[in-house]
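Visitor: What follows is input_23.cif; its format and atoms are mmCIF, C-alpha atoms.
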data_data
loop_
_atom_site.group_PDB
_atom_site.id
_atom_site.type_symbol
_atom_site.label_atom_id
_atom_site.label_comp_id
_atom_site.auth_asym_id
_atom_site.auth_seq_id
_atom_site.Cartn_x
_atom_site.Cartn_y
_atom_site.Cartn_z
ATOM 1 C CA VAL A 27 128.379 109.567 90.364
ATOM 2 C CA ALA A 28 127.347 105.978 91.092
ATOM 3 C CA VAL A 29 128.158 106.298 94.797
ATOM 4 C CA GLY A 30 126.297 109.609 94.998
ATOM 5 C CA ARG A 31 123.167 108.063 93.479
ATOM 6 C CA GLY A 32 123.578 105.036 95.728
ATOM 7 C CA ALA A 33 123.529 107.326 98.753
ATOM 8 C CA LEU A 34 119.991 108.515 97.947
ATOM 9 C CA GLY A 35 117.960 106.878 100.689
ATOM 10 C CA ASN A 36 121.003 104.909 101.776
ATOM 11 C CA PRO A 37 123.460 107.151 103.624
ATOM 12 C CA TRP A 38 124.963 103.968 105.108
ATOM 13 C CA ILE A 39 126.619 103.189 101.773
ATOM 14 C CA PHE A 40 129.749 104.979 102.979
ATOM 15 C CA GLN A 41 130.002 102.664 106.001
ATOM 16 C CA GLU A 42 129.483 99.707 103.673
ATOM 17 C CA ILE A 43 132.268 100.881 101.343
ATOM 18 C CA ALA A 44 134.636 101.475 104.271
ATOM 19 C CA ALA A 45 133.911 97.991 105.648
ATOM 20 C CA ALA A 46 134.547 96.442 102.226
ATOM 21 C CA GLU A 47 137.868 98.268 101.966
ATOM 22 C CA ARG A 48 138.861 96.833 105.347
ATOM 23 C CA GLY A 49 137.694 93.371 104.272
ATOM 24 C CA GLU A 50 134.964 93.318 106.917
ATOM 25 C CA GLU A 51 131.370 92.168 106.621
ATOM 26 C CA TYR A 52 128.697 94.830 106.730
ATOM 27 C CA ALA A 53 125.298 94.082 108.291
ATOM 28 C CA GLY A 54 123.513 97.287 107.281
ATOM 29 C CA PRO A 55 121.003 99.314 109.249
ATOM 30 C CA SER A 56 117.923 97.873 110.930
ATOM 31 C CA TYR A 57 114.514 98.782 109.549
ATOM 32 C CA ARG A 58 113.969 100.941 112.660
ATOM 33 C CA GLU A 59 117.205 102.826 111.959
ATOM 34 C CA VAL A 60 116.144 103.447 108.349
ATOM 35 C CA ILE A 61 112.733 104.757 109.470
ATOM 36 C CA ASP A 62 114.253 106.924 112.207
ATOM 37 C CA THR A 63 116.716 108.393 109.706
ATOM 38 C CA ALA A 64 113.946 109.118 107.199
ATOM 39 C CA MET A 65 111.889 110.867 109.900
ATOM 40 C CA ARG A 66 114.899 112.873 111.079
ATOM 41 C CA HIS A 67 115.541 113.887 107.469
ATOM 42 C CA ALA A 68 111.899 114.985 107.145
ATOM 43 C CA LYS A 69 112.038 117.019 110.359
ATOM 44 C CA MET A 70 115.115 118.862 109.086
ATOM 45 C CA MET A 71 113.347 119.529 105.776
ATOM 46 C CA ILE A 72 110.309 120.878 107.666
ATOM 47 C CA GLU A 73 112.527 123.265 109.631
ATOM 48 C CA TRP A 74 114.129 124.439 106.390
ATOM 49 C CA GLN A 75 111.136 124.633 104.015
ATOM 50 C CA GLY A 76 108.019 124.372 106.145
ATOM 51 C CA GLU A 77 105.756 121.337 106.396
ATOM 52 C CA ARG A 78 103.836 121.734 103.134
ATOM 53 C CA PHE A 79 106.870 121.927 100.836
ATOM 54 C CA ALA A 80 108.898 119.436 102.856
ATOM 55 C CA LEU A 81 106.079 116.903 102.687
ATOM 56 C CA ILE A 82 106.075 117.098 98.886
ATOM 57 C CA GLU A 83 109.873 117.090 98.546
ATOM 58 C CA MET A 84 110.281 114.158 100.945
ATOM 59 C CA ARG A 85 108.017 111.851 98.919
ATOM 60 C CA LYS A 86 110.859 110.831 96.622
ATOM 61 C CA HIS A 87 113.209 110.452 99.571
ATOM 62 C CA TYR A 88 110.782 108.152 101.391
ATOM 63 C CA ALA A 89 110.618 105.993 98.256
ATOM 64 C CA TRP A 90 114.417 105.746 98.265
ATOM 65 C CA TYR A 91 114.583 104.967 101.995
ATOM 66 C CA LEU A 92 111.941 102.238 101.676
ATOM 67 C CA LYS A 93 113.183 100.675 98.431
ATOM 68 C CA GLY A 94 113.338 96.896 98.700
ATOM 69 C CA ARG A 95 111.802 96.744 102.159
ATOM 70 C CA ARG A 96 108.733 94.769 103.198
ATOM 71 C CA GLY A 97 105.533 96.798 102.887
ATOM 72 C CA ALA A 98 107.243 99.555 100.891
ATOM 73 C CA ALA A 99 104.862 99.571 97.913
ATOM 74 C CA LYS A 100 101.748 99.994 100.037
ATOM 75 C CA ALA A 101 103.471 102.576 102.255
ATOM 76 C CA ARG A 102 104.560 104.638 99.236
ATOM 77 C CA VAL A 103 100.963 104.864 98.027
ATOM 78 C CA SER A 104 99.824 106.025 101.475
ATOM 79 C CA ILE A 105 102.691 108.504 101.797
ATOM 80 C CA MET A 106 101.895 110.074 98.429
ATOM 81 C CA THR A 107 98.422 111.014 99.689
ATOM 82 C CA ALA A 108 99.399 111.935 103.256
ATOM 83 C CA GLU A 109 98.417 115.468 104.236
ATOM 84 C CA SER A 110 100.767 115.989 107.180
ATOM 85 C CA PHE A 111 104.056 114.816 108.623
ATOM 86 C CA SER A 112 102.187 113.148 111.499
ATOM 87 C CA ASP A 113 100.322 111.025 108.911
ATOM 88 C CA VAL A 114 103.634 109.990 107.349
ATOM 89 C CA GLU A 115 105.126 109.306 110.766
ATOM 90 C CA GLU A 116 102.211 106.982 111.558
ATOM 91 C CA ILE A 117 102.661 105.139 108.248
ATOM 92 C CA LEU A 118 106.405 104.698 108.790
ATOM 93 C CA ASN A 119 106.028 103.568 112.388
ATOM 94 C CA GLY A 120 103.442 101.052 111.218
ATOM 95 C CA LEU A 121 106.058 99.558 108.912
ATOM 96 C CA CYS A 122 108.416 98.964 111.821
ATOM 97 C CA GLU A 123 105.670 97.209 113.752
ATOM 98 C CA GLN A 124 105.234 94.794 110.836
ATOM 99 C CA GLU A 125 108.933 93.953 110.726
#
Have the structure of the file written as structure tokens, please.
Guide:
Amino acid sequence: VAVGRGALGNPWIFQEIAAAERGEEYAGPSYREVIDTAMRHAKMMIEWQGERFALIEMRKHYAWYLKGRRGAAKARVSIMTAESFSDVEEILNGLCEQE
């Protein structure tokens, strides 16, 4: 259960666990990779549920993807009021520019 919850917003946890088992250091994903993964996730949700429902459902996922990252708190507030995926995409890309 703990690993499953840890994977929310952090699908790289499985690479991290595998590296630890091998005794290797794990660097983790870049901020760009996290943002790209979150946007890919959102695009798949849009294909599955349509933009309106995916936008609402993805809000919690964005919070998990951004957890502990610079600018995350301000971005979460903006994402919660975003009216389209393109608005969210602009917010997320802006985060990468700050990094």
Visitor: Which residues, written as a list in words, have at least one atom at most 12 Å from Ala80 in chain A, with only C-alpha atoms counted and residues fewer than 3 positions away on the same chain left out?
Guide: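 These residues fall inside the cut-off: Met65, His67, Ala68, Lys69, Met70, Met71, Ile72, Glu73, Trp74, Gln75, Gly76, Glu77, Glu83, Met84, Arg85, Lys86, His87, Tyr88, Glu109, Ser110, Phe111 and Val114 of chain A.
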Visitor: May I ask for the distance between CA of Lys100 in chain A and CA of Ile39 in chain A, given in Å to one decimal place?
Guide: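 According to the coordinates, CA of Lys100 in chain A and CA of Ile39 in chain A are separated by 25.1 Å.
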Visitor: CA of Ala46 in chain A and CA of Thr63 in chain A, how far apart in Å?
Guide: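 The value is 22.7 Å.
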Visitor: Can you tell me how far CA of Arg58 in chain A sits from CA of Asn119 in chain A, in Å to one decimal?
Guide: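 Computing it gives 8.4 Å between the two atoms.
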Visitor: Spell out the residues picked by the PyMOL selection byres ((chain A and resi 41) around 12) here, as a PyMOL selection string.
Guide: chain A and resi 29+33+36-40+42-48+50-55
Visitor: Edge lengths and centre, in Å to one decimal, as lines of an AutoDock Vina configuration file: that's what I need for the box along x, y and z that holds all listed atoms of range 89-108 of chain A plus 4 Å on each side.
Guide:
center_x = 106.5
center_y = 103.4
center_z = 100.6
size_x = 24.2
size_y = 25.2
size_z = 13.3
Visitor: Evaluate the PyMOL selection byres ((chain A and resi 97) around 10) and record the selected residues as a list of chain:residue names, following the chain and residue labels used in the document.
Guide: A:Leu92, A:Lys93, A:Gly94, A:Arg95, A:Arg96, A:Ala98, A:Ala99, A:Lys100, A:Ala101, A:Arg102, A:Leu118, A:Gly120, A:Leu121, A:Cys122, A:Gln124, A:Glu125
Visitor: With distances taken over all atoms listed in the file, which residue among A:Gly30, A:Phe79, A:Ala108, A:Tyr91 lies nearest Glu59 in chain A?
Guide: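 Comparing A:Gly30, A:Phe79, A:Ala108, A:Tyr91 against Glu59 in chain A, the winner is A:Tyr91.
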Visitor: Under the rule that all atoms listed in the file are counted, which of A:Trp90, A:Ile117, A:Val103, A:Val60 is the nearest residue to Gly32 in chain A?
Guide: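 Of all the options, A:Trp90 lies closest to Gly32 in chain A.
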Visitor: Quick one: of A:Ala89, A:Leu81, A:Ile61, A:Ile105, who's nearest to Glu123 in chain A, counting all atoms listed in the file?
Guide: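 Of A:Ala89, A:Leu81, A:Ile61, A:Ile105, the one nearest Glu123 in chain A, counting all atoms listed in the file, is A:Ile61.
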Visitor: When distances are computed from only C-alpha atoms, which of A:Ser56, A:Gly49, A:Ile82, A:Ala28 shows the smallest separation from Met106 in chain A?
Guide: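 With only C-alpha atoms as the atom set, the closest residue is A:Ile82.
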Visitor: Since fewer atoms than expected are present, regenerate all heavy atoms for range 31-42 of chain A and write them as a PDB file, keeping the file's coordinate frame.
Guide:
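What follows is the written file selection-v6.pdb:
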ATOM      1  N   ARG A  31     124.534 108.538  93.711  1.00  0.00           N
ATOM      2  CA  ARG A  31     123.167 108.063  93.479  1.00  0.00           C
ATOM      3  C   ARG A  31     122.828 106.946  94.455  1.00  0.00           C
ATOM      4  O   ARG A  31     121.706 106.832  94.902  1.00  0.00           O
ATOM      5  CB  ARG A  31     122.993 107.596  92.035  1.00  0.00           C
ATOM      6  CG  ARG A  31     122.925 108.752  91.061  1.00  0.00           C
ATOM      7  CD  ARG A  31     122.507 108.327  89.681  1.00  0.00           C
ATOM      8  NE  ARG A  31     121.257 107.602  89.618  1.00  0.00           N
ATOM      9  CZ  ARG A  31     120.049 108.158  89.545  1.00  0.00           C
ATOM     10  NH1 ARG A  31     119.939 109.467  89.554  1.00  0.00           N
ATOM     11  NH2 ARG A  31     118.970 107.421  89.462  1.00  0.00           N
ATOM     12  N   GLY A  32     123.805 106.124  94.777  1.00  0.00           N
ATOM     13  CA  GLY A  32     123.578 105.036  95.728  1.00  0.00           C
ATOM     14  C   GLY A  32     123.296 105.542  97.129  1.00  0.00           C
ATOM     15  O   GLY A  32     122.669 104.852  97.936  1.00  0.00           O
ATOM     16  N   ALA A  33     123.738 106.754  97.429  1.00  0.00           N
ATOM     17  CA  ALA A  33     123.529 107.326  98.753  1.00  0.00           C
ATOM     18  C   ALA A  33     122.116 107.872  98.939  1.00  0.00           C
ATOM     19  O   ALA A  33     121.706 108.146 100.062  1.00  0.00           O
ATOM     20  CB  ALA A  33     124.543 108.438  99.014  1.00  0.00           C
ATOM     21  N   LEU A  34     121.367 108.021  97.840  1.00  0.00           N
ATOM     22  CA  LEU A  34     119.991 108.515  97.947  1.00  0.00           C
ATOM     23  C   LEU A  34     119.141 107.469  98.670  1.00  0.00           C
ATOM     24  O   LEU A  34     118.914 106.385  98.159  1.00  0.00           O
ATOM     25  CB  LEU A  34     119.413 108.809  96.560  1.00  0.00           C
ATOM     26  CG  LEU A  34     120.103 109.925  95.793  1.00  0.00           C
ATOM     27  CD1 LEU A  34     119.589 109.988  94.364  1.00  0.00           C
ATOM     28  CD2 LEU A  34     119.904 111.254  96.491  1.00  0.00           C
ATOM     29  N   GLY A  35     118.741 107.810  99.876  1.00  0.00           N
ATOM     30  CA  GLY A  35     117.960 106.878 100.689  1.00  0.00           C
ATOM     31  C   GLY A  35     118.805 105.829 101.383  1.00  0.00           C
ATOM     32  O   GLY A  35     118.292 104.982 102.097  1.00  0.00           O
ATOM     33  N   ASN A  36     120.106 105.882 101.163  1.00  0.00           N
ATOM     34  CA  ASN A  36     121.003 104.909 101.776  1.00  0.00           C
ATOM     35  C   ASN A  36     122.308 105.588 102.193  1.00  0.00           C
ATOM     36  O   ASN A  36     123.364 105.322 101.632  1.00  0.00           O
ATOM     37  CB  ASN A  36     121.293 103.765 100.791  1.00  0.00           C
ATOM     38  CG  ASN A  36     122.168 102.691 101.389  1.00  0.00           C
ATOM     39  OD1 ASN A  36     122.310 102.598 102.597  1.00  0.00           O
ATOM     40  ND2 ASN A  36     122.773 101.882 100.538  1.00  0.00           N
ATOM     41  N   PRO A  37     122.238 106.470 103.192  1.00  0.00           N
ATOM     42  CA  PRO A  37     123.460 107.151 103.624  1.00  0.00           C
ATOM     43  C   PRO A  37     124.476 106.206 104.271  1.00  0.00           C
ATOM     44  O   PRO A  37     125.617 106.582 104.484  1.00  0.00           O
ATOM     45  CB  PRO A  37     122.951 108.204 104.620  1.00  0.00           C
ATOM     46  CG  PRO A  37     121.642 107.677 105.091  1.00  0.00           C
ATOM     47  CD  PRO A  37     121.062 106.912 103.941  1.00  0.00           C
ATOM     48  N   TRP A  38     124.082 104.972 104.510  1.00  0.00           N
ATOM     49  CA  TRP A  38     124.963 103.968 105.108  1.00  0.00           C
ATOM     50  C   TRP A  38     125.913 103.378 104.093  1.00  0.00           C
ATOM     51  O   TRP A  38     126.794 102.606 104.431  1.00  0.00           O
ATOM     52  CB  TRP A  38     124.119 102.863 105.759  1.00  0.00           C
ATOM     53  CG  TRP A  38     123.175 103.412 106.751  1.00  0.00           C
ATOM     54  CD1 TRP A  38     123.428 103.678 108.072  1.00  0.00           C
ATOM     55  CD2 TRP A  38     121.817 103.813 106.524  1.00  0.00           C
ATOM     56  NE1 TRP A  38     122.315 104.223 108.662  1.00  0.00           N
ATOM     57  CE2 TRP A  38     121.303 104.313 107.735  1.00  0.00           C
ATOM     58  CE3 TRP A  38     120.986 103.807 105.408  1.00  0.00           C
ATOM     59  CZ2 TRP A  38     120.013 104.792 107.875  1.00  0.00           C
ATOM     60  CZ3 TRP A  38     119.693 104.286 105.536  1.00  0.00           C
ATOM     61  CH2 TRP A  38     119.219 104.764 106.760  1.00  0.00           C
ATOM     62  N   ILE A  39     125.757 103.736 102.830  1.00  0.00           N
ATOM     63  CA  ILE A  39     126.619 103.189 101.773  1.00  0.00           C
ATOM     64  C   ILE A  39     128.091 103.491 102.055  1.00  0.00           C
ATOM     65  O   ILE A  39     128.959 102.694 101.733  1.00  0.00           O
ATOM     66  CB  ILE A  39     126.205 103.701 100.369  1.00  0.00           C
ATOM     67  CG1 ILE A  39     126.882 102.850  99.289  1.00  0.00           C
ATOM     68  CG2 ILE A  39     126.499 105.181 100.205  1.00  0.00           C
ATOM     69  CD1 ILE A  39     126.358 103.096  97.890  1.00  0.00           C
ATOM     70  N   PHE A  40     128.361 104.614 102.696  1.00  0.00           N
ATOM     71  CA  PHE A  40     129.749 104.979 102.979  1.00  0.00           C
ATOM     72  C   PHE A  40     130.345 104.060 104.043  1.00  0.00           C
ATOM     73  O   PHE A  40     131.520 103.703 103.963  1.00  0.00           O
ATOM     74  CB  PHE A  40     129.821 106.456 103.390  1.00  0.00           C
ATOM     75  CG  PHE A  40     129.259 107.352 102.321  1.00  0.00           C
ATOM     76  CD1 PHE A  40     128.011 107.938 102.474  1.00  0.00           C
ATOM     77  CD2 PHE A  40     129.961 107.585 101.147  1.00  0.00           C
ATOM     78  CE1 PHE A  40     127.470 108.742 101.477  1.00  0.00           C
ATOM     79  CE2 PHE A  40     129.436 108.390 100.140  1.00  0.00           C
ATOM     80  CZ  PHE A  40     128.182 108.970 100.314  1.00  0.00           C
ATOM     81  N   GLN A  41     129.544 103.650 105.012  1.00  0.00           N
ATOM     82  CA  GLN A  41     130.002 102.664 106.001  1.00  0.00           C
ATOM     83  C   GLN A  41     130.248 101.316 105.331  1.00  0.00           C
ATOM     84  O   GLN A  41     131.202 100.614 105.645  1.00  0.00           O
ATOM     85  CB  GLN A  41     128.974 102.504 107.120  1.00  0.00           C
ATOM     86  CG  GLN A  41     128.809 103.717 107.988  1.00  0.00           C
ATOM     87  CD  GLN A  41     127.643 103.571 108.963  1.00  0.00           C
ATOM     88  OE1 GLN A  41     126.824 102.657 108.856  1.00  0.00           O
ATOM     89  NE2 GLN A  41     127.567 104.482 109.921  1.00  0.00           N
ATOM     90  N   GLU A  42     129.355 100.970 104.401  1.00  0.00           N
ATOM     91  CA  GLU A  42     129.483  99.707 103.673  1.00  0.00           C
ATOM     92  C   GLU A  42     130.765  99.689 102.838  1.00  0.00           C
ATOM     93  O   GLU A  42     131.487  98.689 102.814  1.00  0.00           O
ATOM     94  CB  GLU A  42     128.264  99.507 102.787  1.00  0.00           C
ATOM     95  CG  GLU A  42     128.224  98.187 102.083  1.00  0.00           C
ATOM     96  CD  GLU A  42     126.949  97.991 101.284  1.00  0.00           C
ATOM     97  OE1 GLU A  42     126.069  98.863 101.283  1.00  0.00           O
ATOM     98  OE2 GLU A  42     126.856  96.933 100.636  1.00  0.00           O
TER      99      GLU A  42
END
